[in-house]
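The file structure18.txt comes next; it holds compact mmCIF, C-alpha atoms.
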# COMPACT_ATOMS: atom_id res chain seq x y z
CA MET A 1 50.43 -106.46 -17.68
CA LYS A 2 52.99 -104.23 -15.97
CA PRO A 3 52.77 -103.56 -12.21
CA SER A 4 52.23 -99.85 -12.91
CA GLU A 5 49.14 -100.74 -14.95
CA ILE A 6 47.45 -102.65 -12.10
CA LYS A 7 44.72 -100.53 -10.52
CA ILE A 8 42.39 -100.84 -7.56
CA GLY A 9 39.32 -102.77 -8.68
CA ASP A 10 41.14 -104.90 -11.26
CA VAL A 11 39.93 -108.49 -11.27
CA PHE A 12 42.22 -111.45 -11.92
CA ARG A 13 41.72 -115.21 -12.11
CA ILE A 14 44.34 -116.61 -9.74
CA THR A 15 45.20 -120.09 -8.53
CA MET A 16 45.20 -119.74 -4.75
CA ASN A 17 45.98 -122.06 -1.84
CA LYS A 18 46.44 -122.03 1.94
CA ALA A 19 49.33 -119.55 1.58
CA ASN A 20 46.80 -117.05 0.19
CA GLY A 21 44.21 -117.87 2.87
CA ILE A 22 42.14 -120.21 0.67
CA THR A 23 41.13 -123.70 1.79
CA PRO A 24 41.19 -126.03 -1.22
CA LYS A 25 38.38 -128.54 -1.67
CA PRO A 26 39.12 -132.06 -0.37
CA GLY A 27 41.66 -133.79 -2.61
CA ASP A 28 42.88 -130.52 -4.20
CA ASN A 29 45.98 -128.44 -3.48
CA SER A 30 44.57 -125.16 -4.80
CA ARG A 31 41.52 -123.40 -6.23
CA ASP A 32 41.06 -120.90 -9.02
CA LYS A 33 39.47 -117.75 -7.63
CA PHE A 34 38.55 -114.30 -8.93
CA PHE A 35 40.67 -111.80 -6.97
CA VAL A 36 39.91 -108.07 -6.75
CA VAL A 37 42.89 -105.78 -6.10
CA LEU A 38 42.20 -103.31 -3.27
CA GLY A 39 45.74 -102.13 -2.64
CA PHE A 40 49.40 -103.03 -2.41
CA ASP A 41 52.01 -102.94 0.31
CA GLY A 42 54.51 -100.10 0.51
CA ASN A 43 57.11 -102.09 -1.42
CA GLY A 44 54.69 -103.08 -4.18
CA ASN A 45 55.59 -106.75 -3.64
CA VAL A 46 52.25 -107.95 -2.28
CA TYR A 47 48.73 -107.09 -3.38
CA GLY A 48 45.83 -107.16 -0.95
CA GLY A 49 42.31 -107.87 -2.07
CA VAL A 50 39.20 -109.94 -1.79
CA ILE A 51 37.80 -112.93 -3.61
CA PHE A 52 34.57 -113.83 -5.36
CA ASN A 53 32.37 -116.75 -4.33
CA SER A 54 29.47 -118.19 -6.28
CA TYR A 55 27.23 -118.23 -3.22
CA VAL A 56 27.25 -117.44 0.49
CA ASN A 57 28.26 -120.56 2.39
CA ILE A 58 25.52 -121.16 4.97
CA ASN A 59 28.00 -123.08 7.16
CA LEU A 60 30.01 -119.92 7.83
CA PRO A 61 29.42 -117.89 11.00
CA PRO A 62 26.69 -115.23 10.63
CA PHE A 63 29.29 -112.44 10.89
CA VAL A 64 31.16 -113.81 7.87
CA GLN A 65 27.91 -114.30 5.94
CA ALA A 66 27.05 -110.65 6.58
CA MET A 67 30.39 -109.55 5.09
CA GLN A 68 29.46 -110.61 1.55
CA HIS A 69 28.83 -108.07 -1.23
CA LEU A 70 26.46 -109.14 -4.01
CA VAL A 71 27.72 -108.45 -7.54
CA LYS A 72 25.27 -108.87 -10.40
CA GLY A 73 26.43 -111.16 -13.20
CA ASP A 74 24.71 -108.93 -15.76
CA ASP A 75 26.95 -106.00 -14.74
CA TYR A 76 30.25 -107.67 -15.72
CA GLU A 77 31.29 -109.61 -18.81
CA PHE A 78 33.61 -111.86 -16.79
CA LEU A 79 30.75 -113.14 -14.58
CA SER A 80 28.37 -115.80 -15.80
CA HIS A 81 26.06 -115.42 -12.76
CA ASP A 82 25.47 -113.31 -9.67
CA SER A 83 28.36 -113.72 -7.25
CA TYR A 84 29.47 -112.55 -3.83
CA ILE A 85 32.65 -110.73 -2.89
CA ASP A 86 33.92 -111.94 0.47
CA CYS A 87 34.78 -108.88 2.58
CA SER A 88 35.41 -110.89 5.76
CA SER A 89 39.20 -110.89 5.26
CA ILE A 90 41.93 -109.48 3.08
CA LYS A 91 43.74 -112.05 0.95
CA THR A 92 47.29 -111.48 -0.24
CA VAL A 93 48.94 -112.32 -3.55
CA LYS A 94 52.59 -111.80 -4.44
CA LYS A 95 53.26 -109.43 -7.33
CA SER A 96 54.99 -112.15 -9.37
CA LYS A 97 51.93 -114.42 -9.14
CA LEU A 98 49.49 -111.60 -9.94
CA LEU A 99 51.44 -110.62 -13.05
CA LYS A 100 51.25 -114.22 -14.33
CA SER A 101 47.48 -114.38 -13.79
CA ASN A 102 44.68 -113.66 -16.23
CA SER A 103 43.26 -110.15 -16.05
CA LEU A 104 39.47 -110.35 -16.39
CA GLY A 105 38.35 -106.73 -16.12
CA ARG A 106 37.63 -104.14 -13.47
CA LEU A 107 34.88 -103.65 -10.88
CA GLY A 108 32.84 -100.49 -11.21
CA THR A 109 33.59 -97.66 -8.81
CA GLY A 110 30.31 -98.22 -6.93
CA ASP A 111 31.13 -101.85 -6.20
CA VAL A 112 34.73 -100.99 -5.26
CA SER A 113 33.46 -98.34 -2.82
CA LYS A 114 30.97 -100.72 -1.20
CA VAL A 115 33.60 -103.46 -0.87
CA CYS A 116 36.10 -101.02 0.69
CA GLU A 117 33.42 -99.74 3.11
CA LYS A 118 32.68 -103.31 4.25
CA ILE A 119 36.38 -104.08 4.63
CA LYS A 120 36.96 -100.92 6.70
CA SER A 121 33.93 -101.62 8.91
CA ASN A 122 35.08 -105.18 9.60
CA SER A 123 36.26 -105.22 13.22
CA ARG A 124 38.18 -108.47 12.58
CA ILE A 125 40.61 -106.75 10.17
CA SER A 126 43.30 -104.82 12.01
CA LYS A 127 44.09 -101.18 11.33
CA VAL A 128 47.68 -102.31 10.64
CA GLU A 129 46.46 -104.58 7.84
CA LEU A 130 44.21 -101.86 6.42
CA ARG A 131 47.11 -99.37 6.44
CA ARG A 132 49.44 -101.95 4.85
CA PHE A 133 47.32 -101.90 1.70
CA GLY A 134 46.42 -98.19 1.76
CA LEU A 135 42.83 -98.76 2.87
CA LEU A 136 43.05 -96.27 5.76
Output the file's structure as structure tokens, nothing else.
Amino acid sequence: MKPSEIKIGDVFRITMNKANGITPKPGDNSRDKFFVVLGFDGNGNVYGGVIFNSYVNINLPPFVQAMQHLVKGDDYEFLSHDSYIDCSSIKTVKKSKLLKSNSLGRLGTGDVSKVCEKIKSNSRISKVELRRFGLL
């Protein structure tokens, strides 16, 4: 896939680690996550987005739990079950890594809109970060 073909809402399976803001499980160095592209920096070198989780972790603070967006597994071929998109923070992925990752499909416009609304309403994400990825 060429960088010019990557669109907002595209979903990729990416191996992520602490550099991407993901905490691997004990004994692992990384985790495979579904990553939704929400924007890219002005240079096009870094993509900002959010990740899918299989469930809402009850050990997270209530604010973080409230920042999850339910996505129905029946709505997307790449999902085998209902999942949650974590809108509590923006994760970053370098262009080179994204281009080497597996493209899975694209979120529908309704889900993209709801995710973007949650991201924009999140007081813990700075306006600078939102502007960096074209979300403001």
Taking into account all atoms listed in the file, which residue in the set A:Gln68, A:Leu79, A:Gly134, A:Phe40 is nearest to A:Gly105?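 For A:Gly105, the nearest of the candidates is A:Leu79.
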Between A:Asp32, A:Asp10, A:Glu5, A:Asp41, which has the minimum distance to A:Arg131 (counting all atoms listed in the file)?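 Looking at the shortest contact to A:Arg131, the residue is A:Asp41.
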Closest-contact table, stretch 30-126 of chain A side, partner stretch 11-14 of chain A, 8 Å, counting only C-alpha atoms, as a Markdown table:
| residue | atom | partner | partner_atom | distance |
| --- | --- | --- | --- | --- |
| A:Asp32 | CA | A:Ile14 | CA | 5.4 |
| A:Lys33 | CA | A:Ile14 | CA | 5.4 |
| A:Phe34 | CA | A:Arg13 | CA | 4.6 |
| A:Phe35 | CA | A:Phe12 | CA | 5.2 |
| A:Val36 | CA | A:Val11 | CA | 4.5 |
| A:Val37 | CA | A:Val11 | CA | 6.5 |
| A:Lys97 | CA | A:Ile14 | CA | 7.9 |
| A:Leu98 | CA | A:Ile14 | CA | 7.2 |
| A:Ser101 | CA | A:Ile14 | CA | 5.6 |
| A:Asn102 | CA | A:Arg13 | CA | 5.3 |
| A:Ser103 | CA | A:Phe12 | CA | 4.5 |
| A:Leu104 | CA | A:Phe12 | CA | 5.4 |
| A:Gly105 | CA | A:Val11 | CA | 5.4 |
| A:Arg106 | CA | A:Val11 | CA | 5.4 |
| A:Leu107 | CA | A:Val11 | CA | 7.0 |
Pick from A:Ile6, A:Leu135, A:Ala19, A:Ile58 nearest to A:Val115, counting only C-alpha atoms: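 Between A:Ile6, A:Leu135, A:Ala19, A:Ile58, the residue approaching A:Val115 most closely is A:Leu135.
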Interatomic distance (Å, one decimal) between atom CA of A:Val46 and atom CA of A:Thr92: 6.4 Å
Just the residues within 12 Å of A:Ser80, please, counting all atoms listed in the file, with nothing from its chain fewer than 5 positions along; format it as a list in words. Ser54, Val71, Lys72, Gly73, Asp74 and Asp75 of chain A
Expected file contents, prior selection, C-alpha atoms, as a PDB file, in the frame of the given file:
ATOM      1  CA  SER A  54      29.470-118.190  -6.280  1.00  0.00           C
ATOM      2  CA  VAL A  71      27.720-108.450  -7.540  1.00  0.00           C
ATOM      3  CA  LYS A  72      25.270-108.870 -10.400  1.00  0.00           C
ATOM      4  CA  GLY A  73      26.430-111.160 -13.200  1.00  0.00           C
ATOM      5  CA  ASP A  74      24.710-108.930 -15.760  1.00  0.00           C
ATOM      6  CA  ASP A  75      26.950-106.000 -14.740  1.00  0.00           C
TER       7      ASP A  75
END
Students should find that atom CA of A:Lys25 and atom CA of A:Gly48 are spaced 22.7 Å
Enter the distance from atom CA of A:Asn59 to atom CA of A:Gly9, in Å, rounded to one decimal.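 For atom CA of A:Asn59 relative to atom CA of A:Gly9, the distance reads 28.1 Å.
Residue nearest A:Met16 within the list A:Leu70, A:Glu77, A:Lys91, A:Gly44: A:Lys91 [criterion: smallest interatomic distance, only C-alpha atoms].
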Would you mind listing what lies within 7 Å of stretch 116-126 of chain A as a compact mmCIF listing (two decimals) with C-alpha atoms, keeping the file's coordinate frame, with only C-alpha atoms counted and same-chain residues fewer than 5 positions away left out?
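Listed below is the output, around.txt:
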# COMPACT_ATOMS: atom_id res chain seq x y z
CA MET A 67 30.39 -109.55 5.09
CA CYS A 87 34.78 -108.88 2.58
CA SER A 88 35.41 -110.89 5.76
CA SER A 89 39.20 -110.89 5.26
Which one of A:Ala66, A:Val112, A:Leu60, A:Val50 sits closest to A:Ile85 if you count all atoms listed in the file?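 Checking each candidate against A:Ile85, we get A:Val50 as the closest.
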Which one is closest to A:Lys94: A:Asn29, A:Asn20, A:Asn45, A:Gln65? Count all atoms listed in the file.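 The answer is A:Asn45, which sits nearest to A:Lys94.
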